[in-house]
Amino acid sequence: MLKRLFQKERARRTSLAQGQVVPDATRCVQCGICSFNCPVEIDVRRHAWRGEAVQHSRCLTCGECVARCPRGVLTFERTNLFTGAEK
Amino acid sequence: MTHYALIGTGVAAISAAEAIRTVDQAGEISIFGEDLFSYYSRPGLAYFLTDELEANQLFPYRTADYQKLRARFHQASVRRLLPNEKTLELDSATRITYDRLLIATGAQTIALKTPGADLNGVHKLDHLADARALLANAKRGRTALVTGGGITALELAEGLLARGVKVHYVMRSERYWSNVLDETESRIIESLLLREGIQLHHKSEIAEILGKNGRVVGVRLADGRSLRADLVAYAIGITPRIELAQAAGLTCERGILVDEFMRTSQADIFAAGDVAQVYDPVSQKHVLDSLWAPAREQGRLAGLNLAGQAASYQKPAAFNVTRLAGLTTTIIGAVGGGQDADLAGIARGDSETWRQLPDALVVQSGFEVNHLRLMIGQKHILGAIVMGDQKLSRPLQTLIHQKVEITPIHAALLVPQAPIADILAEFWAQQHTLQSLQALENH
């Protein structure tokens, strides 16, 4: 049980550390909950409008925008620093 | 220099203006809208009601964005369109000539015609001003009665509940959103609503809204029962705002008829978004969608065509994501269903495509909060509803949009009680690997 919890937490932290927030523009209605909840005031909604990943130097990958989006627009995708972004 | 006139300030008009600027930097763009608040996220009003965001967050555009468009905004309503003279007449009687015109006037709520509907305390949800009026009336401890089918009625109910208002939800049909959801799905949503504390009244309708001193004090239902209520909120369907186009002689049915280039029956006039009934070459019908993503795409294509760059609209499988009773729900393609007694036509966030009855077999899986329904045709998946866990929703989007052949898993999916989510996930993983390999080869 404890081991499973540890593994889950490890997976979560890995995705936070190695991931970037990627929008699916077709799901987005520009409500702005993502930007509203960003602790470092990144305009995540703008990225969603353009269909661009949040490659912002200030992004903490805290996951707040991903969790709050009511329409599942945002996900974490793994980034590989050496070969660029991959799904 | 071309003068583009765009009527409307919703996503279709903004998207059109952006597209025009990708082609024509010099032309003049004028945007006409009655809405005091200009461009904002109308679907986002639901989350403003639930207090998940503040009203000023609903505006995606900043001053710099407007400057980049170099468009002139006119807060004015257009009272007449004179196509032969290529002229618009504003309410102030000012006349403005254009070279090319886009009508993106959207749709509006069908008005409630029940006796008492004009009382103070009866609300709809078209604009930010409506949301503000509703919230001003939604004081903690009050009682509200919500009526209608579809997404907006539920958004009203949940918004009011979040503000501490006691909510009665009155519906004519025997279950929630019966023209899109099947019985199991309706019951899932209803059980969650009940748990949240919303009281449901099925096969029920308002006969009269009761008032005192001009204000709502309750309702009398058709079965004779009376309920005390401080406010009534309704969403019984929407109607495209075609009056201007109709009066100008443009061909209209329920919406303004446009071809796949978003062109109306007049060569220099285009329409996009909720007001447009778009020709679909596949079904050979003109179809209404009242969804955000198609409105944006139609606006973009209309913009390109307005600026002289021919681009045709490829109607994708109808797709929408919404949140019903806290449950993220994705609806893709044709999912069957029929008429809903609570809706006079189409609902906001709705597509007629969903209601097409596909020649398909239905398979279902899941439990209360993770539910998956697939409409399976001879070779493809024709439609799907994904409730709760959304992991499969993106793969299904691709499988349905791209009409991927599912022959290898067709039989397995149709076995009673088959673990369809697992089968799909495995199939998707294989597909994904295949596509990645093909992409590498093409590289």
# chains A, B, ... in the order shown; residues from 1 in each chain; ligands from 1
>>> residues_around(residues="B:Leu102", least_positions_apart="4", cutoff="7 Å", atoms="only C-alpha atoms", output="list in words")
Ala5, Leu6, Ile7, Ile269, Phe270 and Ala271 of chain B
>>> select_by_dssp(residues="stretch 223-355 of chain B", states="helix (DSSP H, G or I)", output="NGL selection string")
:B and (243-247 or 273-275 or 292-306 or 352-355)
>>> select_by_dssp(residues="stretch 70-161 of chain B", states="strand (DSSP E)", output="MDAnalysis selection string")
chainID B and resid 71:75 78:82 87:90 95:97 100:103 107:109 122:123 143:148
>>> residues_around(residues="stretch 295-305 of chain B", least_positions_apart="5", cutoff="7 Å", atoms="only C-alpha atoms", output="compact mmCIF listing (two decimals) with N, CA, C and O atoms, in the first residue's frame")
# COMPACT_ATOMS: atom_id res chain seq x y z
N VAL B 11 -17.02 34.81 -30.86
CA VAL B 11 -15.79 34.18 -31.32
C VAL B 11 -15.72 34.09 -32.84
O VAL B 11 -14.63 34.20 -33.44
N ALA B 12 -16.87 33.93 -33.52
CA ALA B 12 -16.85 33.82 -34.99
C ALA B 12 -16.33 35.13 -35.61
O ALA B 12 -15.50 35.10 -36.52
N ALA B 13 -16.81 36.26 -35.10
CA ALA B 13 -16.40 37.56 -35.65
C ALA B 13 -14.92 37.83 -35.36
O ALA B 13 -14.17 38.27 -36.25
N SER B 15 -12.56 35.66 -34.73
CA SER B 15 -11.75 34.72 -35.49
C SER B 15 -11.67 35.15 -36.96
O SER B 15 -10.62 35.02 -37.61
N ALA B 16 -12.79 35.69 -37.48
CA ALA B 16 -12.81 36.19 -38.87
C ALA B 16 -11.85 37.37 -39.02
O ALA B 16 -11.07 37.44 -39.98
N ALA B 17 -11.89 38.29 -38.05
CA ALA B 17 -11.02 39.46 -38.12
C ALA B 17 -9.55 39.03 -38.09
O ALA B 17 -8.73 39.54 -38.87
N ALA B 19 -8.36 36.21 -39.12
CA ALA B 19 -8.04 35.56 -40.41
C ALA B 19 -7.88 36.58 -41.52
O ALA B 19 -6.99 36.44 -42.38
N ILE B 20 -8.71 37.61 -41.52
CA ILE B 20 -8.58 38.66 -42.55
C ILE B 20 -7.19 39.27 -42.48
O ILE B 20 -6.52 39.46 -43.49
N PHE B 261 -18.21 27.62 -48.28
CA PHE B 261 -17.30 28.78 -48.21
C PHE B 261 -17.87 29.86 -47.30
O PHE B 261 -17.40 30.99 -47.28
N MET B 262 -18.92 29.50 -46.58
CA MET B 262 -19.61 30.39 -45.62
C MET B 262 -20.31 31.55 -46.31
O MET B 262 -20.58 32.57 -45.70
N PHE B 270 -21.29 36.97 -46.05
CA PHE B 270 -20.97 35.68 -45.46
C PHE B 270 -21.62 35.59 -44.08
O PHE B 270 -21.98 36.62 -43.49
N ALA B 272 -21.33 33.18 -40.23
CA ALA B 272 -20.59 32.15 -39.48
C ALA B 272 -21.07 32.10 -38.04
O ALA B 272 -21.64 33.06 -37.54
N GLY B 273 -20.82 30.96 -37.40
CA GLY B 273 -21.18 30.81 -35.99
C GLY B 273 -22.61 30.34 -35.80
O GLY B 273 -23.19 29.73 -36.70
N ASP B 274 -23.17 30.62 -34.63
CA ASP B 274 -24.49 30.11 -34.27
C ASP B 274 -25.60 30.53 -35.23
O ASP B 274 -26.65 29.90 -35.28
N ALA B 310 -9.91 31.56 -51.14
CA ALA B 310 -10.95 30.52 -51.09
C ALA B 310 -10.55 29.40 -50.14
O ALA B 310 -9.45 28.85 -50.23
N ALA B 311 -11.42 29.10 -49.18
CA ALA B 311 -11.16 28.03 -48.22
C ALA B 311 -12.49 27.43 -47.83
O ALA B 311 -13.41 28.15 -47.47
N SER B 312 -12.59 26.11 -47.95
CA SER B 312 -13.89 25.50 -47.66
C SER B 312 -13.92 24.86 -46.28
O SER B 312 -12.92 24.38 -45.77
N TYR B 313 -15.10 24.87 -45.69
CA TYR B 313 -15.29 24.36 -44.33
C TYR B 313 -15.51 22.86 -44.40
O TYR B 313 -16.39 22.38 -45.11
>>> closest_atom_pairs(of="chain B", to="chain A", cutoff="7 Å", atoms="only C-alpha atoms", output="Markdown table")
| residue | atom | partner | partner_atom | distance |
| --- | --- | --- | --- | --- |
| B:Ser41 | CA | A:Cys31 | CA | 5.3 |
| B:Pro43 | CA | A:Val29 | CA | 6.4 |
| B:Gly44 | CA | A:Cys31 | CA | 4.3 |
| B:Leu53 | CA | A:Ile33 | CA | 6.1 |
| B:Gln57 | CA | A:Gly32 | CA | 5.8 |
| B:Leu58 | CA | A:Cys31 | CA | 5.5 |
| B:Pro60 | CA | A:Gln30 | CA | 6.6 |
| B:Trp292 | CA | A:Val29 | CA | 6.4 |
| B:Ala293 | CA | A:Thr26 | CA | 5.8 |
| B:Asn320 | CA | A:Arg27 | CA | 6.9 |
| B:Val321 | CA | A:Arg71 | CA | 5.7 |
| B:Thr322 | CA | A:Arg71 | CA | 6.0 |
| B:Arg323 | CA | A:Pro70 | CA | 6.5 |
| B:Thr328 | CA | A:Arg71 | CA | 6.3 |
>>> write_last_selection(atoms="N, CA and C atoms", output="PDB file, in the first residue's frame")
ATOM      1  N   SER B  41     -15.837  35.304 -23.270  1.00  0.00           N
ATOM      2  CA  SER B  41     -16.177  33.885 -23.379  1.00  0.00           C
ATOM      3  C   SER B  41     -17.593  33.659 -22.866  1.00  0.00           C
ATOM      4  N   PRO B  43     -19.391  30.835 -23.106  1.00  0.00           N
ATOM      5  CA  PRO B  43     -19.481  29.582 -22.344  1.00  0.00           C
ATOM      6  C   PRO B  43     -18.918  29.727 -20.930  1.00  0.00           C
ATOM      7  N   GLY B  44     -17.972  30.656 -20.769  1.00  0.00           N
ATOM      8  CA  GLY B  44     -17.357  30.879 -19.462  1.00  0.00           C
ATOM      9  C   GLY B  44     -18.324  31.463 -18.438  1.00  0.00           C
ATOM     10  N   LEU B  53     -14.467  31.872 -11.363  1.00  0.00           N
ATOM     11  CA  LEU B  53     -13.644  32.975 -11.862  1.00  0.00           C
ATOM     12  C   LEU B  53     -14.422  34.285 -11.784  1.00  0.00           C
ATOM     13  N   GLN B  57     -12.180  38.192 -15.861  1.00  0.00           N
ATOM     14  CA  GLN B  57     -11.342  37.147 -16.442  1.00  0.00           C
ATOM     15  C   GLN B  57     -11.945  36.542 -17.699  1.00  0.00           C
ATOM     16  N   LEU B  58     -13.188  36.895 -17.978  1.00  0.00           N
ATOM     17  CA  LEU B  58     -13.863  36.290 -19.132  1.00  0.00           C
ATOM     18  C   LEU B  58     -13.386  36.871 -20.463  1.00  0.00           C
ATOM     19  N   PRO B  60     -10.763  37.395 -23.185  1.00  0.00           N
ATOM     20  CA  PRO B  60      -9.472  36.874 -23.631  1.00  0.00           C
ATOM     21  C   PRO B  60      -8.591  37.938 -24.296  1.00  0.00           C
ATOM     22  N   TRP B 292     -18.822  26.168 -29.706  1.00  0.00           N
ATOM     23  CA  TRP B 292     -17.773  27.180 -29.737  1.00  0.00           C
ATOM     24  C   TRP B 292     -16.730  26.879 -30.827  1.00  0.00           C
ATOM     25  N   ALA B 293     -16.207  25.644 -30.847  1.00  0.00           N
ATOM     26  CA  ALA B 293     -15.110  25.330 -31.775  1.00  0.00           C
ATOM     27  C   ALA B 293     -15.533  25.472 -33.249  1.00  0.00           C
ATOM     28  N   ASN B 320     -18.070  18.114 -28.457  1.00  0.00           N
ATOM     29  CA  ASN B 320     -18.129  19.127 -27.393  1.00  0.00           C
ATOM     30  C   ASN B 320     -17.753  18.500 -26.068  1.00  0.00           C
ATOM     31  N   VAL B 321     -17.150  19.321 -25.247  1.00  0.00           N
ATOM     32  CA  VAL B 321     -16.825  18.897 -23.895  1.00  0.00           C
ATOM     33  C   VAL B 321     -17.632  19.785 -22.976  1.00  0.00           C
ATOM     34  N   THR B 322     -18.203  19.204 -21.979  1.00  0.00           N
ATOM     35  CA  THR B 322     -18.931  20.028 -21.031  1.00  0.00           C
ATOM     36  C   THR B 322     -18.803  19.386 -19.652  1.00  0.00           C
ATOM     37  N   ARG B 323     -19.317  20.075 -18.673  1.00  0.00           N
ATOM     38  CA  ARG B 323     -19.275  19.517 -17.327  1.00  0.00           C
ATOM     39  C   ARG B 323     -20.704  19.401 -16.860  1.00  0.00           C
ATOM     40  N   THR B 328     -16.896  15.747 -16.088  1.00  0.00           N
ATOM     41  CA  THR B 328     -16.473  16.157 -17.433  1.00  0.00           C
ATOM     42  C   THR B 328     -17.032  15.148 -18.436  1.00  0.00           C
TER      43      THR B 328
END
>>> residues_around(residues="A:Val21", least_positions_apart="6", cutoff="8 Å", atoms="only C-alpha atoms", output="list in words")
Ala53, Val54, Gln55, Thr61, Val66, Leu74, Thr75, Phe76 and Glu77 of chain A
>>> write_last_selection(atoms="N, CA, C and O atoms", output="short mmCIF file (atom, residue, chain, number, x, y, z; two decimals), in the first residue's frame")
data_model
loop_
_atom_site.label_atom_id
_atom_site.label_comp_id
_atom_site.auth_asym_id
_atom_site.auth_seq_id
_atom_site.Cartn_x
_atom_site.Cartn_y
_atom_site.Cartn_z
N ALA A 53 2.09 24.81 -26.71
CA ALA A 53 2.46 24.33 -25.37
C ALA A 53 2.95 25.51 -24.53
O ALA A 53 3.45 26.49 -25.07
N VAL A 54 2.77 25.39 -23.21
CA VAL A 54 3.22 26.47 -22.33
C VAL A 54 4.72 26.33 -22.09
O VAL A 54 5.17 25.69 -21.14
N GLN A 55 5.49 26.86 -23.01
CA GLN A 55 6.95 26.82 -22.85
C GLN A 55 7.37 28.19 -22.35
O GLN A 55 7.83 29.04 -23.11
N THR A 61 5.22 24.29 -13.66
CA THR A 61 4.52 23.02 -13.88
C THR A 61 3.84 22.54 -12.59
O THR A 61 3.91 21.38 -12.21
N VAL A 66 -4.03 22.70 -15.14
CA VAL A 66 -4.48 21.39 -15.65
C VAL A 66 -5.64 20.89 -14.78
O VAL A 66 -6.66 20.43 -15.30
N LEU A 74 -6.25 20.96 -20.91
CA LEU A 74 -4.80 20.94 -20.67
C LEU A 74 -4.33 19.58 -20.15
O LEU A 74 -5.01 18.96 -19.33
N THR A 75 -3.18 19.16 -20.65
CA THR A 75 -2.57 17.94 -20.12
C THR A 75 -1.07 18.18 -19.98
O THR A 75 -0.52 19.10 -20.58
N PHE A 76 -0.45 17.31 -19.20
CA PHE A 76 1.01 17.32 -19.14
C PHE A 76 1.53 16.40 -20.21
O PHE A 76 1.05 15.28 -20.36
N GLU A 77 2.48 16.86 -20.96
CA GLU A 77 3.17 15.95 -21.86
C GLU A 77 4.64 16.02 -21.53
O GLU A 77 5.16 17.06 -21.13
#
>>> closest_residue(among="A:Val22, A:Glu52, A:Ser57, A:Gly63", to="A:Cys38", atoms="only C-alpha atoms")
A:Gly63
>>> residues_around(residues="A:Val40", least_positions_apart="4", cutoff="9 Å", atoms="only C-alpha atoms", output="MDAnalysis selection string")
chainID A and resid 58:60
